[in-house]
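Coordinates from upload_30.txt are shown below (compact mmCIF, N, CA and C atoms).
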# COMPACT_ATOMS: atom_id res chain seq x y z
N MET A 1 -33.35 90.48 -172.87
CA MET A 1 -32.66 91.25 -171.87
C MET A 1 -31.42 91.86 -172.50
N LYS A 2 -31.00 92.95 -171.90
CA LYS A 2 -29.75 93.55 -172.36
C LYS A 2 -29.10 94.31 -171.21
N ILE A 3 -27.80 94.42 -171.29
CA ILE A 3 -27.05 95.23 -170.33
C ILE A 3 -27.32 96.67 -170.70
N GLN A 4 -27.76 97.44 -169.73
CA GLN A 4 -28.13 98.83 -169.98
C GLN A 4 -26.89 99.71 -169.94
N GLY A 5 -26.39 100.10 -171.12
CA GLY A 5 -25.17 100.90 -171.20
C GLY A 5 -25.40 102.39 -171.15
N GLN A 6 -26.63 102.85 -171.38
CA GLN A 6 -26.90 104.27 -171.40
C GLN A 6 -27.05 104.85 -170.00
N ASN A 7 -27.48 104.03 -169.06
CA ASN A 7 -27.63 104.47 -167.68
C ASN A 7 -26.35 104.11 -166.93
N LYS A 8 -25.64 105.12 -166.48
CA LYS A 8 -24.32 104.89 -165.86
C LYS A 8 -24.41 104.03 -164.59
N GLN A 9 -25.45 104.21 -163.80
CA GLN A 9 -25.60 103.40 -162.59
C GLN A 9 -25.84 101.93 -162.93
N MET A 10 -26.67 101.70 -163.93
CA MET A 10 -26.95 100.32 -164.34
C MET A 10 -25.71 99.68 -164.95
N LEU A 11 -24.98 100.45 -165.74
CA LEU A 11 -23.75 99.93 -166.35
C LEU A 11 -22.73 99.58 -165.26
N ALA A 12 -22.63 100.43 -164.26
CA ALA A 12 -21.69 100.15 -163.16
C ALA A 12 -22.12 98.90 -162.40
N ALA A 13 -23.43 98.75 -162.17
CA ALA A 13 -23.93 97.55 -161.47
C ALA A 13 -23.65 96.30 -162.30
N ALA A 14 -23.86 96.38 -163.61
CA ALA A 14 -23.61 95.23 -164.49
C ALA A 14 -22.13 94.87 -164.50
N CYS A 15 -21.27 95.89 -164.56
CA CYS A 15 -19.83 95.63 -164.55
C CYS A 15 -19.40 94.95 -163.25
N GLN A 16 -19.91 95.45 -162.16
CA GLN A 16 -19.57 94.88 -160.86
C GLN A 16 -20.10 93.44 -160.74
N MET A 17 -21.30 93.21 -161.22
CA MET A 17 -21.95 91.91 -161.09
C MET A 17 -21.36 90.87 -162.04
N PHE A 18 -21.04 91.29 -163.26
CA PHE A 18 -20.71 90.32 -164.30
C PHE A 18 -19.26 90.39 -164.82
N MET A 19 -18.43 91.17 -164.19
CA MET A 19 -17.03 91.30 -164.63
C MET A 19 -16.37 89.92 -164.68
N GLY A 20 -15.81 89.59 -165.84
CA GLY A 20 -15.10 88.32 -166.00
C GLY A 20 -16.01 87.15 -166.34
N LYS A 21 -17.31 87.38 -166.44
CA LYS A 21 -18.24 86.29 -166.78
C LYS A 21 -18.51 86.29 -168.28
N SER A 22 -18.72 85.10 -168.82
CA SER A 22 -19.02 84.97 -170.26
C SER A 22 -20.50 85.27 -170.50
N GLU A 23 -20.85 85.46 -171.76
CA GLU A 23 -22.26 85.70 -172.10
C GLU A 23 -23.16 84.56 -171.63
N PRO A 24 -22.78 83.29 -171.86
CA PRO A 24 -23.63 82.20 -171.36
C PRO A 24 -23.81 82.22 -169.83
N GLU A 25 -22.76 82.61 -169.11
CA GLU A 25 -22.88 82.70 -167.65
C GLU A 25 -23.84 83.82 -167.24
N ILE A 26 -23.77 84.94 -167.92
CA ILE A 26 -24.66 86.07 -167.64
C ILE A 26 -26.11 85.66 -167.96
N ALA A 27 -26.29 85.02 -169.10
CA ALA A 27 -27.63 84.56 -169.49
C ALA A 27 -28.18 83.57 -168.47
N HIS A 28 -27.32 82.70 -167.97
CA HIS A 28 -27.73 81.71 -166.97
C HIS A 28 -28.18 82.39 -165.67
N ILE A 29 -27.45 83.40 -165.24
CA ILE A 29 -27.81 84.14 -164.03
C ILE A 29 -29.16 84.83 -164.22
N ALA A 30 -29.34 85.46 -165.37
CA ALA A 30 -30.61 86.14 -165.66
C ALA A 30 -31.76 85.14 -165.70
N LEU A 31 -31.52 83.98 -166.35
CA LEU A 31 -32.56 82.95 -166.44
C LEU A 31 -32.92 82.43 -165.05
N GLU A 32 -31.93 82.17 -164.22
CA GLU A 32 -32.20 81.70 -162.86
C GLU A 32 -32.98 82.74 -162.05
N THR A 33 -32.69 83.99 -162.28
CA THR A 33 -33.42 85.06 -161.60
C THR A 33 -34.88 85.05 -162.02
N LEU A 34 -35.12 84.97 -163.33
CA LEU A 34 -36.50 84.91 -163.83
C LEU A 34 -37.23 83.68 -163.30
N GLU A 35 -36.58 82.54 -163.34
CA GLU A 35 -37.20 81.30 -162.87
C GLU A 35 -37.52 81.38 -161.38
N GLY A 36 -36.64 81.98 -160.61
CA GLY A 36 -36.88 82.15 -159.18
C GLY A 36 -38.12 82.99 -158.92
N HIS A 37 -38.26 84.06 -159.67
CA HIS A 37 -39.44 84.91 -159.51
C HIS A 37 -40.70 84.19 -159.98
N GLN A 38 -40.59 83.41 -161.04
CA GLN A 38 -41.74 82.62 -161.49
C GLN A 38 -42.20 81.69 -160.37
N ARG A 39 -41.25 80.96 -159.78
CA ARG A 39 -41.61 80.03 -158.69
C ARG A 39 -42.28 80.77 -157.52
N ALA A 40 -41.75 81.94 -157.17
CA ALA A 40 -42.32 82.71 -156.07
C ALA A 40 -43.76 83.13 -156.37
N ILE A 41 -44.02 83.55 -157.59
CA ILE A 41 -45.37 83.97 -157.97
C ILE A 41 -46.29 82.76 -158.07
N ILE A 42 -45.79 81.66 -158.62
CA ILE A 42 -46.58 80.43 -158.73
C ILE A 42 -47.05 79.98 -157.33
N ALA A 43 -46.23 80.19 -156.33
CA ALA A 43 -46.58 79.77 -154.97
C ALA A 43 -47.82 80.50 -154.44
N HIS A 44 -48.12 81.66 -155.01
CA HIS A 44 -49.25 82.46 -154.53
C HIS A 44 -50.49 82.35 -155.43
N LEU A 45 -50.42 81.56 -156.48
CA LEU A 45 -51.55 81.41 -157.40
C LEU A 45 -51.98 79.96 -157.47
N THR A 46 -53.24 79.75 -157.83
CA THR A 46 -53.69 78.38 -158.07
C THR A 46 -53.30 77.98 -159.49
N VAL A 47 -53.30 76.71 -159.75
CA VAL A 47 -53.00 76.21 -161.09
C VAL A 47 -53.99 76.79 -162.09
N GLU A 48 -55.24 76.86 -161.69
CA GLU A 48 -56.29 77.38 -162.57
C GLU A 48 -56.04 78.85 -162.92
N GLU A 49 -55.61 79.64 -161.93
CA GLU A 49 -55.33 81.06 -162.18
C GLU A 49 -54.19 81.23 -163.18
N ILE A 50 -53.16 80.44 -163.03
CA ILE A 50 -52.02 80.52 -163.95
C ILE A 50 -52.45 80.11 -165.35
N TYR A 51 -53.20 79.02 -165.44
CA TYR A 51 -53.60 78.47 -166.73
C TYR A 51 -54.58 79.38 -167.46
N LYS A 52 -55.54 79.92 -166.72
CA LYS A 52 -56.60 80.72 -167.35
C LYS A 52 -56.19 82.15 -167.63
N ASP A 53 -55.25 82.69 -166.84
CA ASP A 53 -54.85 84.09 -167.03
C ASP A 53 -53.34 84.19 -167.15
N ARG A 54 -52.83 83.66 -168.24
CA ARG A 54 -51.38 83.66 -168.48
C ARG A 54 -50.82 85.07 -168.57
N LYS A 55 -51.62 85.97 -169.12
CA LYS A 55 -51.16 87.35 -169.28
C LYS A 55 -50.90 87.98 -167.92
N LYS A 56 -51.81 87.79 -166.98
CA LYS A 56 -51.64 88.33 -165.63
C LYS A 56 -50.38 87.74 -164.99
N PHE A 57 -50.20 86.44 -165.13
CA PHE A 57 -49.03 85.77 -164.57
C PHE A 57 -47.76 86.35 -165.19
N SER A 58 -47.73 86.48 -166.51
CA SER A 58 -46.57 87.04 -167.21
C SER A 58 -46.26 88.45 -166.74
N GLU A 59 -47.30 89.25 -166.60
CA GLU A 59 -47.11 90.63 -166.16
C GLU A 59 -46.53 90.69 -164.76
N GLN A 60 -46.99 89.80 -163.88
CA GLN A 60 -46.46 89.78 -162.51
C GLN A 60 -44.99 89.40 -162.51
N VAL A 61 -44.64 88.37 -163.27
CA VAL A 61 -43.24 87.94 -163.33
C VAL A 61 -42.39 89.07 -163.91
N PHE A 62 -42.84 89.67 -164.99
CA PHE A 62 -42.10 90.76 -165.64
C PHE A 62 -41.86 91.89 -164.66
N LYS A 63 -42.90 92.28 -163.93
CA LYS A 63 -42.79 93.41 -162.99
C LYS A 63 -41.78 93.12 -161.88
N VAL A 64 -41.91 91.96 -161.26
CA VAL A 64 -41.04 91.63 -160.12
C VAL A 64 -39.61 91.36 -160.58
N ALA A 65 -39.46 90.57 -161.63
CA ALA A 65 -38.11 90.21 -162.10
C ALA A 65 -37.39 91.43 -162.68
N SER A 66 -38.12 92.30 -163.35
CA SER A 66 -37.49 93.48 -163.95
C SER A 66 -36.79 94.33 -162.90
N SER A 67 -37.46 94.56 -161.78
CA SER A 67 -36.83 95.41 -160.76
C SER A 67 -35.58 94.75 -160.18
N ASP A 68 -35.61 93.44 -160.02
CA ASP A 68 -34.44 92.72 -159.51
C ASP A 68 -33.30 92.76 -160.53
N LEU A 69 -33.62 92.54 -161.78
CA LEU A 69 -32.59 92.53 -162.83
C LEU A 69 -32.02 93.93 -163.07
N VAL A 70 -32.85 94.96 -162.91
CA VAL A 70 -32.35 96.33 -163.06
C VAL A 70 -31.25 96.59 -162.03
N ASN A 71 -31.41 96.04 -160.84
CA ASN A 71 -30.38 96.21 -159.81
C ASN A 71 -29.08 95.52 -160.21
N MET A 72 -29.16 94.58 -161.14
CA MET A 72 -27.96 93.90 -161.65
C MET A 72 -27.41 94.60 -162.89
N GLY A 73 -28.13 95.63 -163.37
CA GLY A 73 -27.70 96.34 -164.56
C GLY A 73 -28.30 95.80 -165.84
N ILE A 74 -29.29 94.94 -165.72
CA ILE A 74 -29.92 94.34 -166.90
C ILE A 74 -31.34 94.89 -167.03
N SER A 75 -31.70 95.31 -168.23
CA SER A 75 -33.09 95.71 -168.46
C SER A 75 -33.78 94.59 -169.24
N VAL A 76 -35.00 94.31 -168.85
CA VAL A 76 -35.78 93.27 -169.53
C VAL A 76 -36.52 93.95 -170.68
N VAL A 77 -36.20 93.53 -171.87
CA VAL A 77 -36.82 94.10 -173.06
C VAL A 77 -38.20 93.49 -173.26
N SER A 78 -38.29 92.18 -173.07
CA SER A 78 -39.58 91.52 -173.23
C SER A 78 -39.57 90.21 -172.47
N TYR A 79 -40.75 89.82 -172.04
CA TYR A 79 -40.92 88.54 -171.33
C TYR A 79 -42.17 87.89 -171.87
N THR A 80 -42.04 86.69 -172.39
CA THR A 80 -43.18 85.98 -172.95
C THR A 80 -43.27 84.61 -172.31
N LEU A 81 -44.45 84.28 -171.87
CA LEU A 81 -44.70 82.94 -171.33
C LEU A 81 -45.04 82.05 -172.50
N LYS A 82 -44.16 81.10 -172.79
CA LYS A 82 -44.32 80.26 -173.97
C LYS A 82 -45.38 79.18 -173.79
N ASP A 83 -45.37 78.52 -172.63
CA ASP A 83 -46.28 77.40 -172.45
C ASP A 83 -46.50 77.16 -170.96
N VAL A 84 -47.68 76.66 -170.64
CA VAL A 84 -47.98 76.22 -169.29
C VAL A 84 -48.39 74.76 -169.40
N HIS A 85 -47.64 73.89 -168.73
CA HIS A 85 -47.97 72.47 -168.77
C HIS A 85 -47.55 71.79 -167.48
N ASP A 86 -48.05 70.59 -167.29
CA ASP A 86 -47.67 69.83 -166.10
C ASP A 86 -47.48 68.37 -166.50
N ASP A 87 -46.75 67.65 -165.69
CA ASP A 87 -46.43 66.25 -165.99
C ASP A 87 -47.57 65.29 -165.68
N GLN A 88 -48.53 65.71 -164.88
CA GLN A 88 -49.63 64.82 -164.49
C GLN A 88 -50.88 65.01 -165.35
N ASP A 89 -50.83 65.85 -166.36
CA ASP A 89 -51.96 66.13 -167.26
C ASP A 89 -53.14 66.79 -166.55
N TYR A 90 -52.88 67.45 -165.44
CA TYR A 90 -53.95 68.13 -164.71
C TYR A 90 -54.57 69.23 -165.57
N LEU A 91 -53.73 70.02 -166.23
CA LEU A 91 -54.24 71.12 -167.05
C LEU A 91 -55.04 70.61 -168.23
N HIS A 92 -54.59 69.52 -168.82
CA HIS A 92 -55.34 68.92 -169.93
C HIS A 92 -56.70 68.45 -169.44
N SER A 93 -56.74 67.90 -168.23
CA SER A 93 -57.99 67.44 -167.65
C SER A 93 -58.94 68.61 -167.39
N LEU A 94 -58.41 69.75 -166.99
CA LEU A 94 -59.26 70.94 -166.81
C LEU A 94 -59.97 71.28 -168.11
N GLY A 95 -59.23 71.23 -169.19
CA GLY A 95 -59.81 71.52 -170.50
C GLY A 95 -60.88 70.51 -170.89
N LYS A 96 -60.64 69.24 -170.57
CA LYS A 96 -61.63 68.20 -170.88
C LYS A 96 -62.93 68.44 -170.12
N GLY A 97 -62.80 68.82 -168.85
CA GLY A 97 -64.00 69.08 -168.05
C GLY A 97 -64.82 70.22 -168.62
N ARG A 98 -64.14 71.28 -169.04
CA ARG A 98 -64.84 72.43 -169.63
C ARG A 98 -65.47 72.06 -170.96
N THR A 99 -64.76 71.26 -171.77
CA THR A 99 -65.30 70.81 -173.05
C THR A 99 -66.54 69.95 -172.84
N ALA A 100 -66.49 69.05 -171.88
CA ALA A 100 -67.64 68.18 -171.58
C ALA A 100 -68.83 69.02 -171.14
N GLN A 101 -68.59 70.06 -170.33
CA GLN A 101 -69.69 70.91 -169.86
C GLN A 101 -70.32 71.67 -171.03
N VAL A 102 -69.50 72.18 -171.93
CA VAL A 102 -70.01 72.90 -173.10
C VAL A 102 -70.84 71.96 -173.98
N GLN A 103 -70.34 70.74 -174.20
CA GLN A 103 -71.09 69.77 -175.01
C GLN A 103 -72.41 69.41 -174.34
N LYS A 104 -72.39 69.23 -173.03
CA LYS A 104 -73.62 68.91 -172.29
C LYS A 104 -74.63 70.05 -172.43
N ASP A 105 -74.16 71.29 -172.25
CA ASP A 105 -75.04 72.46 -172.38
C ASP A 105 -75.62 72.55 -173.79
N ALA A 106 -74.81 72.22 -174.80
CA ALA A 106 -75.29 72.26 -176.18
C ALA A 106 -76.38 71.21 -176.40
N ARG A 107 -76.18 69.99 -175.86
CA ARG A 107 -77.19 68.93 -176.01
C ARG A 107 -78.50 69.32 -175.32
N ILE A 108 -78.39 69.92 -174.14
CA ILE A 108 -79.59 70.35 -173.41
C ILE A 108 -80.31 71.44 -174.19
N GLY A 109 -79.56 72.42 -174.69
CA GLY A 109 -80.16 73.49 -175.48
C GLY A 109 -80.85 72.97 -176.73
N GLU A 110 -80.21 72.03 -177.40
CA GLU A 110 -80.80 71.44 -178.61
C GLU A 110 -82.08 70.68 -178.27
N ALA A 111 -82.08 69.92 -177.18
CA ALA A 111 -83.27 69.17 -176.77
C ALA A 111 -84.40 70.13 -176.40
N GLN A 112 -84.09 71.21 -175.73
CA GLN A 112 -85.11 72.19 -175.37
C GLN A 112 -85.70 72.86 -176.60
N ASN A 113 -84.87 73.17 -177.59
CA ASN A 113 -85.35 73.78 -178.83
C ASN A 113 -86.27 72.82 -179.58
N LYS A 114 -85.91 71.54 -179.64
CA LYS A 114 -86.76 70.55 -180.30
C LYS A 114 -88.10 70.42 -179.57
N ARG A 115 -88.02 70.37 -178.22
CA ARG A 115 -89.25 70.27 -177.42
C ARG A 115 -90.16 71.47 -177.69
N ASP A 116 -89.58 72.68 -177.71
CA ASP A 116 -90.36 73.89 -177.94
C ASP A 116 -90.98 73.88 -179.34
N ALA A 117 -90.25 73.37 -180.32
CA ALA A 117 -90.77 73.29 -181.69
C ALA A 117 -91.96 72.33 -181.75
N VAL A 118 -91.86 71.19 -181.08
CA VAL A 118 -92.96 70.21 -181.07
C VAL A 118 -94.18 70.82 -180.38
N ILE A 119 -93.96 71.54 -179.29
CA ILE A 119 -95.08 72.18 -178.59
C ILE A 119 -95.76 73.21 -179.47
N ARG A 120 -94.97 74.01 -180.21
CA ARG A 120 -95.55 75.02 -181.10
C ARG A 120 -96.37 74.36 -182.22
N VAL A 121 -95.86 73.26 -182.77
CA VAL A 121 -96.58 72.56 -183.83
C VAL A 121 -97.89 72.01 -183.29
N ARG A 122 -97.85 71.40 -182.11
CA ARG A 122 -99.08 70.84 -181.50
C ARG A 122 -100.08 71.95 -181.22
N LEU A 123 -99.60 73.08 -180.67
CA LEU A 123 -100.51 74.20 -180.41
C LEU A 123 -101.12 74.73 -181.70
N PHE A 124 -100.32 74.77 -182.76
CA PHE A 124 -100.83 75.22 -184.05
C PHE A 124 -101.95 74.31 -184.52
N PHE A 125 -101.73 72.98 -184.44
CA PHE A 125 -102.74 72.02 -184.88
C PHE A 125 -103.98 72.07 -183.99
N ILE A 126 -103.81 72.27 -182.69
CA ILE A 126 -104.96 72.38 -181.79
C ILE A 126 -105.74 73.64 -182.14
N PHE A 127 -105.06 74.75 -182.32
CA PHE A 127 -105.69 76.00 -182.69
C PHE A 127 -106.40 75.87 -184.03
N PHE A 128 -105.73 75.26 -185.00
CA PHE A 128 -106.30 75.09 -186.34
C PHE A 128 -107.54 74.20 -186.28
N SER A 129 -107.50 73.11 -185.49
CA SER A 129 -108.63 72.20 -185.36
C SER A 129 -109.80 72.89 -184.70
N VAL A 130 -109.56 73.70 -183.67
CA VAL A 130 -110.64 74.38 -182.95
C VAL A 130 -111.26 75.47 -183.83
N SER A 131 -110.45 76.21 -184.54
CA SER A 131 -110.96 77.33 -185.34
C SER A 131 -111.66 76.84 -186.61
N SER A 132 -111.35 75.66 -187.12
CA SER A 132 -112.01 75.18 -188.34
C SER A 132 -113.27 74.42 -188.01
N SER A 133 -113.58 74.15 -186.75
CA SER A 133 -114.79 73.43 -186.37
C SER A 133 -115.99 74.32 -186.29
So, in terms of structure tokens, how does the structure I just supplied come out?
Amino acid sequence: MKIQGQNKQMLAAACQMFMGKSEPEIAHIALETLEGHQRAIIAHLTVEEIYKDRKKFSEQVFKVASSDLVNMGISVVSYTLKDVHDDQDYLHSLGKGRTAQVQKDARIGEAQNKRDAVIRVRLFFIFFSVSSS
């Protein structure tokens, strides 16, 4: 984020909003604004939606927070979602379930391929036995 000095309206808004505040105080206000918008967006999404489509979540936060911060005279240069995690390991469990399903599907596919190979070999031997008689 940065204070937009080239746009006179934004600069005036920033001066009015942050006059007499230190850089850490300004950063704290901006961070609280971003976090507030994150919480608001999280309230409208499921955990799975946030976890599986982080880019969509990031874009929503960026869009909503940017307009609010612009009114304060701050332009958002970039917003990156670093990590999505929870204290109860719910997200980790989601990954385990998907991994288990993929492994199960792989075992089933392998068993079906082996079965099909055995059937082809048996058919070959039956055909060979019938044609050589």
Based on DSSP run over this structure's backbone, return all residues of chain A in alpha helix (DSSP H), as a VMD selection string. chain A and resid 8 to 18 23 to 42 47 to 52 54 to 71 90 to 132
What does the distance between atom C of Ile74 (chain A) and atom C of Asn7 (chain A) come to in Å, to one decimal place?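 According to the coordinates, atom C of Ile74 (chain A) and atom C of Asn7 (chain A) are separated by 10.5 Å.
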Top pick for closest residue to Ile50 (chain A), considering A:Met19, A:Ala100, A:Leu81, A:Val70 and counting only C-alpha atoms: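 For Ile50 (chain A), the nearest of the given residues is A:Leu81.
For region 10-17 of chain A, the list of residues within 7 Å, based on all atoms listed in the file and with local chain neighbours fewer than 6 positions off taken out, reads Ile3, Gln4, Val70, Asn71, Met72, Gly73 and Ile74 of chain A.
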To one decimal place, how far is atom C of Arg54 (chain A) from CA of Ile42 (chain A) in Å?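 Straight-line distance from atom C of Arg54 (chain A) to CA of Ile42 (chain A) works out to 11.7 Å.
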What separation in Å, quoted to one decimal, exists between atom N of Ala65 (chain A) and CA of Glu48 (chain A)? 21.4 Å
May I ask which of the residues A:Val47, A:Ala117, A:Ala111, A:Ala30 is the closest one to Leu69 (chain A), counting all atoms listed in the file? A:Ala30
